[in-house]
Structure formats: structure tokens, C-alpha cells
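Colleague: Below: one structure in C-alpha cells.
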Amino acid sequence: MSLAVRQASHPEAARHYDTAALRAHFLVETLFRPDAVELTYSHVDRIVVGGAMPVAGPLALETHKALGQATFLARRELGVCNVGGRGRVVCDGEAFDLAPRDMLYVAMGTGDVRFESADAAEPAKFYLFSTPAHARHRTVLVREADANALELGGQEQANTRTLRQYIIPGRVESCQLVMGLTTLKPGNVWNTMPSHVHDRRCEAYLYFGLGTDARVVHLMGEPEETRHLVVANEQAIISPPWSIHSGCGTSAYSFIWAMGGDNQDFTDMDMVPMGVLR
Ligand SMILES: O=C(O)C(=O)C[C@H](O)C(=O)CO
Ligand SMILES: [Zn+2]
């Protein structure tokens with residue numbers, strides 16, 4: 001298992017970052033490596049984003065000095081979404097089978113978490129998003145068909161998409177973690193435009209479902225000081241509370257959004273009027 005630690009950035013510092021610095025602070029380029037758990041610990045809300053890709057055998061979620069705890073989930077909760085082939089997550093001996101696009105909420109206090117693929121020829125790829133937690137809730141599996149689905153956008157804005165809320169109050173109880181998956185319809189390319197910020201919560205995006213040469217130009221930064229990151233398939237963005245998070249693809253794609261912070265109110269967004277964006 002590898003875990004890289006990233007410091008949070010002040011927006012006034014981020015204004016001066018060049019392309020390499022923007023990518024080093026806000027883009028996670030490699031999440032899925034065969035037979036590895038790859039984690040990035042960010043001081044933005046102390047989130048952990050990463051991936052587990054079991055091929056030859058099961059992989060365990062181990063603790064790390066950065067967490068200061070005997071087990072990874074001693075003081076944390078975890079969202080897991082499978083973006084690969086069929087797989088299984090075993091939590092303290094209880095097995096949960098995840099088809100592609102299923103999500104699992106894993107409760108604080110779960111001691112042993114293992115990841116397995118059903119077929120090594122088509123391995124599972126488990127996207128991981130973890131936030132600090134203070135209470136133990138139930139571990140719950142949410143299948144894609146059982147998530148709250150919202151149909152959003154329009155063809156004229158090239159942003160017709162289905163947003164599915166999986167881990168959200170009323171569906172799955174958590175301390176602060178909120179997580180879901182948005183899929184653009186073919187021929188649609190824009191996400192989350194008009195853009196918004198929510199200083200109460202940070203957000204992370206994992207873009208997936210892109211072809212080898214396809215890219216998403218992800219927009220970030222303060223609304224009046226935007227920057228961009230060119231993002232390839234299965235790369236993730238860490239979006240600090242002060243940043244917009246929006247993007248335009250060279251083709252349709254999906255992304256997993258996940259949030260942590262002071263509230264779990266999905267609708268609590270400060271919309272940015274188009275005239276404000278720079
Ligand atoms: O399609 C969208 O719009 C989104 O997925 C937006 C994100 O969920 C978001 O930014 C929530 O705050
Ligand atoms: Zn948002």
C-alpha cells in the first residue's frame with residue numbers, strides 16, 4: 001500500500017501555481033495499479049482518495065502513520081465504488097459483492113477490510129473516498145439501481161446527465177461523507193455548469209469511462225480566478241472548499257463525486273452567475 005500526503009493550499013497561493021504545481025496539488029494521476037492500494041491523504045478536510053485493484057489475490061486496507069490509528073477505519077468512514085469488473089469487499093468477515101457502479105458505505109470501527117476481484121482477467125477497480133468520523137453507522141451496500149436518480153441538464157447546453165445519490169442522508173447514514181455518481185448521456189460533455197462552490201464542504205471527483213485519447217478539461221479555482229487541469233481516464237481531482245468544480249469532455253464520461261465537511265446538505269451550493277466567472 002502507498003499513501004502520499006498532500007498539504008492544503010490557500011487560494012491566494014494557488015493563483016500563482018503553474019501547470020505542474022496545479023497538477024501536483026489538485027490532480028491524482030494514478031489510482032489503479034494491479035495488486036496495489038494507492039492512497040492520497042489530503043489536508044483538505046483530511047480526506048483520503050485512492051484505489052484498490054486486486055488481481056492475483058485479495059488486498060487489505062492497511063493503516064498508515066499519517067492516520068495515527070491502529071486500523072484505517074478506527075476514526076474514519078469509507079465510501080467504495082467499483083469502476084472495474086465484478087468484485088467483493090469483505091468487512092470484518094462479511095462479504096459484499098459489488099457489480100460495476102455499485103457503492104458500499106463502510107462504517108467507522110470496521111477492523112478488517114479486504115478487496116477481491118471475481119475474475120482476474122477483468123479485475124475490479126475500487127475507488128476509495130474516506131473522511132474522519134466520530135460515530136459508527138451501519139455498513140450498507142447500494143446498488144446502482146437503488147440510488148436516488150436525478151435527471152439533469154439539457155441537450156442545448158450539452159449537459160444532459162443522470163446524477164445518482166448513493167450515500168446521502170435518508171438513504172445511507174454517515175457522519176459527514178456524501179457520495180454519488182453522475183453519467184453524461186452520449187453527445188453531452190459539460191458537467192456542473194453553471195458552476196458552484198460550497199465553502200462548507202470539499203469535494204473530490206474521479207473521472208472515468210473516457211477513451212484512451214479522450215480528456216476532460218476540468219475547471220477549478222475561485223470563480224473570478226479560474227484555472228484548468230487536463231484530466232485522463234480514471235484520474236481524480238481534489239477540489240478545495242473555495243474552488244469551483246466543473247468540466248468539459250472531448251466525449252461523454254462519468255464521474256464519482258464525494259464530499260466531506262460541515263454539512264451533508266447536497267442542495268447547499270452557492271451558484272456562480274456566468275457573468276462572475278473569469
Ligand atoms: O452533475 C452534477 O451537477 C454533479 O454531479 C455535481 C456534483 O454532484 C456536485 O458538485 C455536488 O456538490
Ligand atoms: Zn459541488
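Identifiers in this document derive from the order of the C-alpha cells: chains are assigned A, B, ..., residues are numbered from 1 separately in each chain, and ligands are numbered from 1 in order of occurrence.
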Please identify all protein, DNA and RNA residues within 10 Å of ligand 1, counting only C-alpha atoms and all ligand atoms, and report them as an MDAnalysis selection string.

Modeller: chainID A and resid 150:153 159:165 178:184 190:198 201:205 239 244:247 254:259 264:270

Colleague: Give me a file of those residues, with N, CA and C atoms, as a compact mmCIF listing (two decimals), in the first residue's frame.

Modeller:
# COMPACT_ATOMS: atom_id res chain seq x y z
N LEU A 150 -31.42 11.52 -10.33
CA LEU A 150 -31.95 12.82 -10.76
C LEU A 150 -31.55 13.03 -12.22
N GLU A 151 -32.53 13.37 -13.06
CA GLU A 151 -32.23 13.68 -14.46
C GLU A 151 -31.99 15.18 -14.57
N LEU A 152 -30.81 15.57 -15.04
CA LEU A 152 -30.42 16.99 -15.03
C LEU A 152 -29.97 17.44 -16.42
N GLY A 153 -29.97 18.78 -16.61
CA GLY A 153 -29.36 19.37 -17.79
C GLY A 153 -30.24 19.29 -19.02
N ASN A 159 -25.32 19.09 -21.67
CA ASN A 159 -25.06 18.57 -20.32
C ASN A 159 -26.18 17.67 -19.79
N THR A 160 -26.86 16.95 -20.69
CA THR A 160 -27.89 16.01 -20.25
C THR A 160 -27.20 14.88 -19.49
N ARG A 161 -27.62 14.67 -18.24
CA ARG A 161 -26.90 13.71 -17.40
C ARG A 161 -27.80 13.15 -16.33
N THR A 162 -27.43 11.97 -15.81
CA THR A 162 -28.12 11.36 -14.69
C THR A 162 -27.21 11.41 -13.49
N LEU A 163 -27.69 12.04 -12.43
CA LEU A 163 -26.92 12.14 -11.19
C LEU A 163 -27.53 11.15 -10.20
N ARG A 164 -26.73 10.24 -9.68
CA ARG A 164 -27.24 9.25 -8.72
C ARG A 164 -26.61 9.49 -7.36
N GLN A 165 -27.47 9.70 -6.37
CA GLN A 165 -27.01 9.90 -4.99
C GLN A 165 -27.07 8.55 -4.27
N VAL A 178 -20.63 12.13 1.87
CA VAL A 178 -21.74 12.15 0.90
C VAL A 178 -21.13 11.77 -0.44
N MET A 179 -21.79 10.86 -1.18
CA MET A 179 -21.11 10.34 -2.39
C MET A 179 -22.12 9.87 -3.43
N GLY A 180 -21.79 10.07 -4.68
CA GLY A 180 -22.67 9.62 -5.76
C GLY A 180 -21.94 9.60 -7.09
N LEU A 181 -22.69 9.38 -8.14
CA LEU A 181 -22.09 9.15 -9.46
C LEU A 181 -22.95 9.82 -10.52
N THR A 182 -22.30 10.58 -11.39
CA THR A 182 -23.02 11.29 -12.47
C THR A 182 -22.54 10.76 -13.81
N THR A 183 -23.48 10.49 -14.71
CA THR A 183 -23.15 9.97 -16.04
C THR A 183 -23.76 10.86 -17.11
N LEU A 184 -22.92 11.33 -18.02
CA LEU A 184 -23.42 12.14 -19.13
C LEU A 184 -23.98 11.23 -20.22
N TRP A 190 -20.59 18.60 -20.82
CA TRP A 190 -20.36 19.54 -19.71
C TRP A 190 -20.86 18.98 -18.40
N ASN A 191 -20.10 19.15 -17.34
CA ASN A 191 -20.64 18.85 -16.01
C ASN A 191 -20.60 20.10 -15.14
N THR A 192 -21.63 20.19 -14.31
CA THR A 192 -21.69 21.17 -13.22
C THR A 192 -21.43 22.59 -13.72
N MET A 193 -22.13 22.95 -14.78
CA MET A 193 -22.06 24.30 -15.36
C MET A 193 -23.49 24.75 -15.61
N PRO A 194 -23.99 25.87 -15.04
CA PRO A 194 -23.26 26.84 -14.24
C PRO A 194 -22.60 26.19 -13.01
N SER A 195 -21.48 26.74 -12.65
CA SER A 195 -20.70 26.14 -11.57
C SER A 195 -21.16 26.66 -10.21
N HIS A 196 -20.60 26.05 -9.18
CA HIS A 196 -20.93 26.46 -7.82
C HIS A 196 -19.72 26.24 -6.92
N VAL A 197 -19.78 26.83 -5.75
CA VAL A 197 -18.85 26.50 -4.67
C VAL A 197 -19.70 26.14 -3.44
N HIS A 198 -19.08 25.48 -2.49
CA HIS A 198 -19.73 25.25 -1.17
C HIS A 198 -18.60 25.24 -0.16
N ARG A 201 -18.10 22.48 2.41
CA ARG A 201 -17.68 21.10 2.09
C ARG A 201 -16.60 21.13 1.01
N CYS A 202 -15.65 20.20 1.10
CA CYS A 202 -14.76 19.97 -0.03
C CYS A 202 -15.40 18.91 -0.93
N GLU A 203 -14.81 18.70 -2.07
CA GLU A 203 -15.35 17.67 -2.99
C GLU A 203 -14.20 17.03 -3.75
N ALA A 204 -14.35 15.77 -4.08
CA ALA A 204 -13.38 15.09 -4.96
C ALA A 204 -14.15 14.49 -6.12
N TYR A 205 -13.53 14.51 -7.29
CA TYR A 205 -14.12 13.89 -8.49
C TYR A 205 -13.19 12.78 -8.97
N SER A 239 -10.94 18.95 -4.87
CA SER A 239 -11.50 20.30 -5.03
C SER A 239 -11.67 20.93 -3.66
N ILE A 244 -14.41 26.19 -7.61
CA ILE A 244 -15.45 25.59 -8.43
C ILE A 244 -14.97 24.21 -8.86
N HIS A 245 -15.88 23.36 -9.30
CA HIS A 245 -15.51 22.04 -9.85
C HIS A 245 -16.50 21.79 -10.98
N SER A 246 -15.96 21.78 -12.17
CA SER A 246 -16.79 21.75 -13.38
C SER A 246 -15.89 21.22 -14.49
N GLY A 247 -16.46 20.75 -15.57
CA GLY A 247 -15.57 20.25 -16.61
C GLY A 247 -16.26 20.07 -17.93
N SER A 254 -18.26 9.58 -17.16
CA SER A 254 -18.91 9.52 -15.85
C SER A 254 -17.94 10.07 -14.82
N PHE A 255 -18.47 10.46 -13.68
CA PHE A 255 -17.58 10.83 -12.57
C PHE A 255 -18.25 10.54 -11.25
N ILE A 256 -17.41 10.16 -10.31
CA ILE A 256 -17.87 9.94 -8.93
C ILE A 256 -17.53 11.20 -8.16
N TRP A 257 -18.53 11.79 -7.55
CA TRP A 257 -18.30 12.97 -6.71
C TRP A 257 -18.46 12.53 -5.25
N ALA A 258 -17.66 13.12 -4.40
CA ALA A 258 -17.72 12.74 -2.99
C ALA A 258 -17.34 13.97 -2.17
N MET A 259 -18.02 14.13 -1.06
CA MET A 259 -17.84 15.35 -0.27
C MET A 259 -17.69 15.04 1.22
N GLN A 264 -24.17 18.00 5.29
CA GLN A 264 -24.40 16.95 4.29
C GLN A 264 -25.55 17.34 3.37
N ASP A 265 -25.78 18.66 3.28
CA ASP A 265 -26.92 19.16 2.52
C ASP A 265 -26.51 19.33 1.06
N PHE A 266 -26.85 18.35 0.24
CA PHE A 266 -26.45 18.35 -1.16
C PHE A 266 -26.86 19.64 -1.87
N THR A 267 -28.02 20.20 -1.47
CA THR A 267 -28.54 21.38 -2.18
C THR A 267 -27.90 22.68 -1.70
N ASP A 268 -27.07 22.61 -0.67
CA ASP A 268 -26.43 23.81 -0.13
C ASP A 268 -25.23 24.18 -1.00
N MET A 269 -25.51 24.89 -2.09
CA MET A 269 -24.46 25.31 -3.04
C MET A 269 -24.61 26.81 -3.27
N ASP A 270 -23.50 27.49 -3.44
CA ASP A 270 -23.53 28.90 -3.83
C ASP A 270 -23.29 28.94 -5.34

Colleague: Where in segment 34-276 of chain A does DSSP assign strand (DSSP E or B), given as a VMD selection string?

Modeller: chain A and resid 36 to 42 48 to 53 59 to 60 76 to 82 87 to 91 94 to 98 103 to 106 113 to 117 126 to 132 140 to 142 148 to 152 161 to 167 178 to 184 190 to 191 196 to 197 201 to 208 216 to 222 225 to 231 235 to 239 246 to 249 254 to 261 270 to 271

Colleague: Counting only C-alpha atoms and all ligand atoms, figure out which residue out of A:Arg200, A:Arg76, A:Arg143, A:His228 gets nearest to ligand 2.

Modeller: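 The shortest atom-to-atom distance to ligand 2 comes from A:Arg200.
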
Colleague: Looking at A:Glu234, A:Asp262, A:Glu173, A:Asp199, which one is nearest to ligand 2, with distances taken over only C-alpha atoms and all ligand atoms?

Modeller: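 Among the listed residues, the smallest separation from ligand 2 belongs to A:Asp199.
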
Colleague: From the list A:Ser130, A:Ser243, A:Ser251, A:Asn263, which residue is nearest ligand 2 when using only C-alpha atoms and all ligand atoms?

Modeller: A:Ser243

Colleague: Excluding same-chain residues fewer than 4 positions from Thr40 of chain A, what lies within 9 Å of it counting only C-alpha atoms, as an MDAnalysis selection string?

Modeller: chainID A and resid 2:6 28 31 47:50

Colleague: With distances taken over only C-alpha atoms and all ligand atoms, which of A:Arg88, A:Asp112, A:Asn233, A:Met271 is nearest to ligand 2?

Modeller: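 Closest to ligand 2 of all the choices is A:Met271.
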
Colleague: Could you pull the residues within 9 Å of Leu277 of chain A, counting only C-alpha atoms, minus those fewer than 5 positions along the same chain, as an NGL selection string?

Modeller: :A and (195 or 222-226 or 272)

Colleague: When you count only C-alpha atoms, which of these residues is closest to Leu61 of chain A: A:Val276, A:Leu229, A:Cys91, A:Ala107?

Modeller: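 Checking each of A:Val276, A:Leu229, A:Cys91, A:Ala107 against Leu61 of chain A, counting only C-alpha atoms, the winner is A:Cys91.
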
Colleague: Write out as a list in words the set of residues from segment 30-219 of chain A that DSSP, computed on the backbone, places in helix (DSSP H, G or I).

Modeller: Lys65, Ala66, Leu67, Glu144, Ala145, Asp146, Gln155, Glu156 and Gln157 of chain A
